[in-house]
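S.K.: Just so it is clear, I am handing over run.tsv, which has TSV, C-alpha atoms and all ligand atoms.
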chain	number	residue	atom	x	y	z
Y	1	MET	CA	62.99	-16.16	-40.13
Y	2	THR	CA	66.60	-15.08	-40.34
Y	3	GLU	CA	68.25	-15.02	-43.71
Y	4	MET	CA	69.25	-18.44	-44.93
Y	5	ARG	CA	72.93	-18.99	-44.96
Y	6	ARG	CA	74.58	-20.82	-47.77
Y	7	VAL	CA	74.99	-24.54	-47.64
Y	8	THR	CA	78.31	-25.26	-46.04
Y	9	ALA	CA	79.88	-28.58	-45.33
Y	10	ILE	CA	80.12	-29.60	-41.71
Y	11	ARG	CA	82.79	-31.59	-40.00
Y	12	ASN	CA	80.73	-33.32	-37.33
Y	13	GLY	CA	77.00	-33.28	-36.76
Y	14	THR	CA	73.72	-34.12	-38.44
Y	15	VAL	CA	72.08	-33.23	-41.73
Y	16	ILE	CA	68.29	-33.55	-41.89
Y	17	ASP	CA	66.90	-33.69	-45.40
Y	18	HIS	CA	63.30	-33.58	-46.68
Y	19	ILE	CA	61.83	-31.36	-44.00
Y	20	PRO	CA	58.54	-29.90	-45.27
Y	21	SER	CA	59.13	-26.43	-46.65
Y	22	GLY	CA	59.07	-23.76	-43.95
Y	23	TYR	CA	59.35	-26.13	-40.99
Y	24	ALA	CA	63.09	-26.05	-40.38
Y	25	MET	CA	62.71	-23.48	-37.59
Y	26	GLN	CA	60.14	-25.66	-35.81
Y	27	VAL	CA	62.55	-28.58	-36.02
Y	28	ILE	CA	65.24	-26.44	-34.43
Y	29	ARG	CA	62.85	-25.49	-31.68
Y	30	ILE	CA	61.43	-28.92	-30.79
Y	31	LEU	CA	64.85	-30.52	-30.79
Y	32	GLY	CA	66.27	-27.71	-28.65
Y	33	ILE	CA	69.09	-27.07	-31.08
Y	34	ASN	CA	71.41	-24.14	-30.50
Y	35	THR	CA	70.60	-21.77	-33.39
Y	36	ASP	CA	74.28	-20.80	-33.69
Y	37	ARG	CA	74.97	-24.39	-34.69
Y	38	ALA	CA	72.05	-24.85	-37.06
Y	39	THR	CA	71.93	-23.86	-40.72
Y	40	PRO	CA	68.51	-24.16	-42.35
Y	41	VAL	CA	68.52	-24.11	-46.13
Y	42	SER	CA	65.38	-23.81	-48.21
Y	43	PHE	CA	65.10	-25.60	-51.52
Y	44	GLY	CA	61.61	-24.37	-52.28
Y	45	ARG	CA	59.58	-27.50	-51.71
Y	46	LYS	CA	61.73	-28.78	-48.87
Y	47	ASP	CA	64.09	-27.58	-46.18
Y	48	VAL	CA	67.43	-29.06	-45.27
Y	49	LEU	CA	68.91	-28.50	-41.84
Y	50	LYS	CA	72.55	-28.84	-40.93
Y	51	ILE	CA	73.40	-29.12	-37.27
Y	52	GLU	CA	76.98	-28.89	-36.14
Y	53	ASP	CA	78.39	-30.99	-33.32
Y	54	ARG	CA	75.19	-32.79	-32.49
Y	55	GLU	CA	74.08	-36.30	-33.37
Y	56	LEU	CA	70.37	-36.95	-33.13
Y	57	ASP	CA	69.23	-39.84	-30.96
Y	58	GLN	CA	66.10	-41.97	-31.12
Y	59	GLU	CA	64.11	-39.60	-28.91
Y	60	ASP	CA	64.94	-36.73	-31.26
Y	61	LEU	CA	63.83	-38.82	-34.23
Y	62	ASP	CA	60.48	-39.63	-32.62
Y	63	ARG	CA	59.78	-35.92	-32.21
Y	64	LEU	CA	61.07	-35.08	-35.64
Y	65	ALA	CA	58.71	-37.66	-37.15
Y	66	LEU	CA	55.72	-35.53	-36.15
Y	67	ILE	CA	56.84	-32.55	-38.21
Y	68	SER	CA	58.75	-34.36	-40.83
Y	69	PRO	CA	57.67	-37.96	-41.37
Y	70	ALA	CA	59.63	-38.22	-44.64
Y	71	ALA	CA	62.89	-36.84	-43.27
Y	72	SER	CA	66.16	-38.61	-43.89
Y	73	ILE	CA	69.05	-38.12	-41.53
Y	74	ALA	CA	72.76	-38.35	-42.10
Y	75	ILE	CA	75.20	-38.37	-39.21
Y	76	ILE	CA	78.43	-36.71	-40.26
Y	77	ARG	CA	81.76	-37.57	-38.68
Y	78	ASN	CA	84.97	-36.10	-39.96
Y	79	HIS	CA	83.29	-34.65	-43.07
Y	80	ALA	CA	81.92	-38.03	-44.14
Y	81	VAL	CA	78.51	-39.65	-43.77
Y	82	ALA	CA	78.98	-42.13	-40.94
Y	83	GLU	CA	75.37	-43.22	-40.53
Y	84	LYS	CA	72.04	-42.80	-42.28
Y	85	MET	CA	68.73	-42.94	-40.51
Y	86	LYS	CA	65.07	-42.60	-41.40
Y	87	VAL	CA	62.41	-41.27	-39.12
Y	88	GLU	CA	59.41	-43.44	-38.57
Y	89	LEU	CA	56.20	-42.16	-37.12
Y	90	ALA	CA	54.99	-44.74	-34.60
Y	91	ASP	CA	51.30	-45.76	-34.36
Y	92	ASP	CA	51.34	-44.69	-30.74
Y	93	LEU	CA	53.03	-41.53	-29.54
Y	94	LEU	CA	53.85	-41.90	-25.88
Y	95	ASN	CA	54.86	-38.75	-24.01
Y	96	ILE	CA	55.72	-36.85	-27.18
Y	97	ALA	CA	53.02	-34.16	-27.09
Y	98	ARG	CA	50.20	-33.00	-24.83
Y	99	CYS	CA	46.55	-33.12	-25.84
Y	100	SER	CA	45.24	-29.72	-26.94
Y	101	PHE	CA	41.69	-30.27	-25.63
Y	102	SER	CA	41.25	-28.32	-22.40
Y	103	ASN	CA	38.85	-30.83	-20.82
Y	104	CYS	CA	40.94	-33.89	-21.61
Y	105	ILE	CA	41.45	-36.33	-18.74
Y	106	THR	CA	45.21	-35.88	-19.14
Y	107	LYS	CA	44.78	-32.31	-17.81
Y	108	ASN	CA	43.65	-33.70	-14.45
Y	109	ASN	CA	46.67	-33.30	-12.20
Y	110	HIS	CA	45.22	-35.54	-9.50
Y	111	GLU	CA	45.38	-38.52	-11.76
Y	112	PRO	CA	48.54	-38.26	-13.83
Y	113	LEU	CA	48.35	-40.23	-17.05
Y	114	PRO	CA	51.03	-40.64	-19.68
Y	115	GLN	CA	50.45	-38.44	-22.71
Y	116	ARG	CA	49.34	-40.71	-25.48
Y	117	MET	CA	48.31	-40.07	-29.08
Y	118	ARG	CA	47.25	-42.39	-31.83
Y	119	VAL	CA	48.39	-41.84	-35.39
Y	120	ILE	CA	45.32	-42.44	-37.56
Y	121	SER	CA	46.87	-41.46	-40.86
Y	122	ARG	CA	50.32	-40.40	-41.99
Y	123	ASP	CA	49.55	-38.62	-45.22
Y	124	PRO	CA	47.79	-36.39	-44.55
Y	125	LEU	CA	48.84	-36.49	-40.94
Y	126	GLU	CA	45.97	-37.24	-38.59
Y	127	VAL	CA	46.69	-37.64	-34.90
Y	128	ARG	CA	44.10	-38.15	-32.17
Y	129	CYS	CA	44.34	-38.19	-28.41
Y	130	TYR	CA	44.17	-41.75	-27.09
Y	131	TYR	CA	41.90	-40.69	-24.21
Y	132	CYS	CA	39.47	-38.07	-25.50
Y	133	GLY	CA	39.73	-38.80	-29.21
Y	134	CYS	CA	40.26	-35.17	-30.13
Y	135	GLY	CA	42.03	-34.56	-33.43
Y	136	GLN	CA	45.21	-32.52	-33.05
Y	137	GLU	CA	46.20	-29.84	-35.51
Y	138	ILE	CA	49.81	-30.14	-36.62
Y	139	ASP	CA	50.66	-26.64	-35.43
Y	140	GLU	CA	49.07	-27.37	-32.03
Y	141	LEU	CA	50.98	-30.61	-31.82
Y	142	ILE	CA	54.24	-28.79	-32.43
Y	143	GLU	CA	53.26	-26.22	-29.82
Y	144	ASN	CA	52.43	-28.98	-27.33
Y	145	ILE	CA	55.47	-31.15	-27.79
Y	146	ILE	CA	56.84	-32.06	-24.39
F	201	ZN	ZN	42.87	-35.64	-24.98
As structure tokens, what does this structure read like?
M.R.:
Amino acid sequence: MTEMRRVTAIRNGTVIDHIPSGYAMQVIRILGINTDRATPVSFGRKDVLKIEDRELDQEDLDRLALISPAASIAIIRNHAVAEKMKVELADDLLNIARCSFSNCITKNNHEPLPQRMRVISRDPLEVRCYYCGCGQEIDELIENII
């Protein structure tokens, strides 16, 4: 990981707080954030991520929930907090991530199915494929996010 830059105020964008420690870079990756615009800051037990000139939408939040179910989001406009949002991990994850099991029915290209996962437990996070029932490791889930 590149050296953390100091916390700096942003004019417009998004601040994500309460990311699990060490996961800020994964958040940057799954949300497709331009790294020039993102400033991850580690506070030991949690990471905070500042993103300039981008406001997260609901689809972003659904993805973020997988990595960071306790995250809180502030949308910044003109140096002030314009909106606060919370992520919420749904019971059903539709087309968020692919199943990691190689023999899963969703891997059959002749019969395309929507990618679907069930959230069994939030803390600790337990996610299973709706079709084959395979448990998904968090790191695999992040790797398989669509
Ligand atoms: Zn599966």
S.K.: Record the distance separating atom CA of Asp53 of chain Y and atom CA of Ile10 of chain Y, expressed in Å with one decimal.
M.R.: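 It comes out at 8.7 Å.
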S.K.: Could you tell me how far atom CA of Met85 of chain Y sits from atom CA of Gln26 of chain Y, in Å to one decimal place?
M.R.: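 If I compute the distance from atom CA of Gln26 of chain Y to atom CA of Met85 of chain Y, I get 19.9 Å.
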S.K.: Please extract the residues at most 10 Å from ligand ZN 201 (chain F), counting all atoms listed in the file, and provide them as a ChimeraX atom specification, using the chain letters and residue numbers of this document.
M.R.: /Y:98-107,115-117,128-136
S.K.: Write out the residues from the selection above, keeping C-alpha atoms, as a PDB file, keeping the file's coordinate frame.
M.R.:
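The file below, part.pdb, is the result:
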ATOM      1  CA  ARG Y  98      50.200 -33.000 -24.830  1.00  0.00           C
ATOM      2  CA  CYS Y  99      46.550 -33.120 -25.840  1.00  0.00           C
ATOM      3  CA  SER Y 100      45.240 -29.720 -26.940  1.00  0.00           C
ATOM      4  CA  PHE Y 101      41.690 -30.270 -25.630  1.00  0.00           C
ATOM      5  CA  SER Y 102      41.250 -28.320 -22.400  1.00  0.00           C
ATOM      6  CA  ASN Y 103      38.850 -30.830 -20.820  1.00  0.00           C
ATOM      7  CA  CYS Y 104      40.940 -33.890 -21.610  1.00  0.00           C
ATOM      8  CA  ILE Y 105      41.450 -36.330 -18.740  1.00  0.00           C
ATOM      9  CA  THR Y 106      45.210 -35.880 -19.140  1.00  0.00           C
ATOM     10  CA  LYS Y 107      44.780 -32.310 -17.810  1.00  0.00           C
ATOM     11  CA  GLN Y 115      50.450 -38.440 -22.710  1.00  0.00           C
ATOM     12  CA  ARG Y 116      49.340 -40.710 -25.480  1.00  0.00           C
ATOM     13  CA  MET Y 117      48.310 -40.070 -29.080  1.00  0.00           C
ATOM     14  CA  ARG Y 128      44.100 -38.150 -32.170  1.00  0.00           C
ATOM     15  CA  CYS Y 129      44.340 -38.190 -28.410  1.00  0.00           C
ATOM     16  CA  TYR Y 130      44.170 -41.750 -27.090  1.00  0.00           C
ATOM     17  CA  TYR Y 131      41.900 -40.690 -24.210  1.00  0.00           C
ATOM     18  CA  CYS Y 132      39.470 -38.070 -25.500  1.00  0.00           C
ATOM     19  CA  GLY Y 133      39.730 -38.800 -29.210  1.00  0.00           C
ATOM     20  CA  CYS Y 134      40.260 -35.170 -30.130  1.00  0.00           C
ATOM     21  CA  GLY Y 135      42.030 -34.560 -33.430  1.00  0.00           C
ATOM     22  CA  GLN Y 136      45.210 -32.520 -33.050  1.00  0.00           C
TER      23      GLN Y 136
END
S.K.: Specify the axis-aligned box that encloses all atoms of segment 69-85 of chain Y listed in the file after padding of 8 Å on each side, stating its centre and edge lengths in Å to one decimal as AutoDock Vina command-line options.
M.R.:
--center_x 71.3 --center_y -38.9 --center_z -41.7 --size_x 43.3 --size_y 24.6 --size_z 22.0
S.K.: Using only C-alpha atoms, which of the listed residues (Y:Arg54, Y:Asp47, Y:Pro124, Y:Leu64) sits closest to Arg29 of chain Y?
M.R.: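 Among Y:Arg54, Y:Asp47, Y:Pro124, Y:Leu64, it is Y:Leu64 that comes nearest to Arg29 of chain Y.
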S.K.: Between atom CA of Asp57 of chain Y and atom CA of Ile120 of chain Y, what distance in Å does the model show, to one decimal?
M.R.: 24.9 Å
S.K.: Of the residues Y:Glu126, Y:Asp36, Y:Glu143, Y:Asp17, which is the one nearest to Val87 of chain Y, using all atoms listed in the file?
M.R.: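 Among the listed residues, the smallest separation from Val87 of chain Y belongs to Y:Asp17.
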S.K.: Counting all atoms listed in the file, which residue out of Y:Ile30, Y:Ala71, Y:Ala80, Y:Leu49 sits closest to Asn144 of chain Y?
M.R.: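 For Asn144 of chain Y, the nearest of the given residues is Y:Ile30.
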S.K.: Could you check which of Y:Val15, Y:Ile145, Y:Met25, Y:Ile67 is closest to His79 of chain Y, using all atoms listed in the file?
M.R.: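 Among Y:Val15, Y:Ile145, Y:Met25, Y:Ile67, it is Y:Val15 that comes nearest to His79 of chain Y.
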S.K.: Return the single residue from Y:Ser68, Y:Glu55, Y:Leu31, Y:Asp139 that is closest to Val81 of chain Y, with distances computed using only C-alpha atoms.
M.R.: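 Residue with the minimum atom-to-atom distance to Val81 of chain Y: Y:Glu55.
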S.K.: Looking at all atoms listed in the file, which of Y:Ile51, Y:Ala97, Y:Ile33, Y:Ile19 is the one that sits closest to Pro69 of chain Y?
M.R.: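 Ranked by minimum distance to Pro69 of chain Y, first place goes to Y:Ile19.
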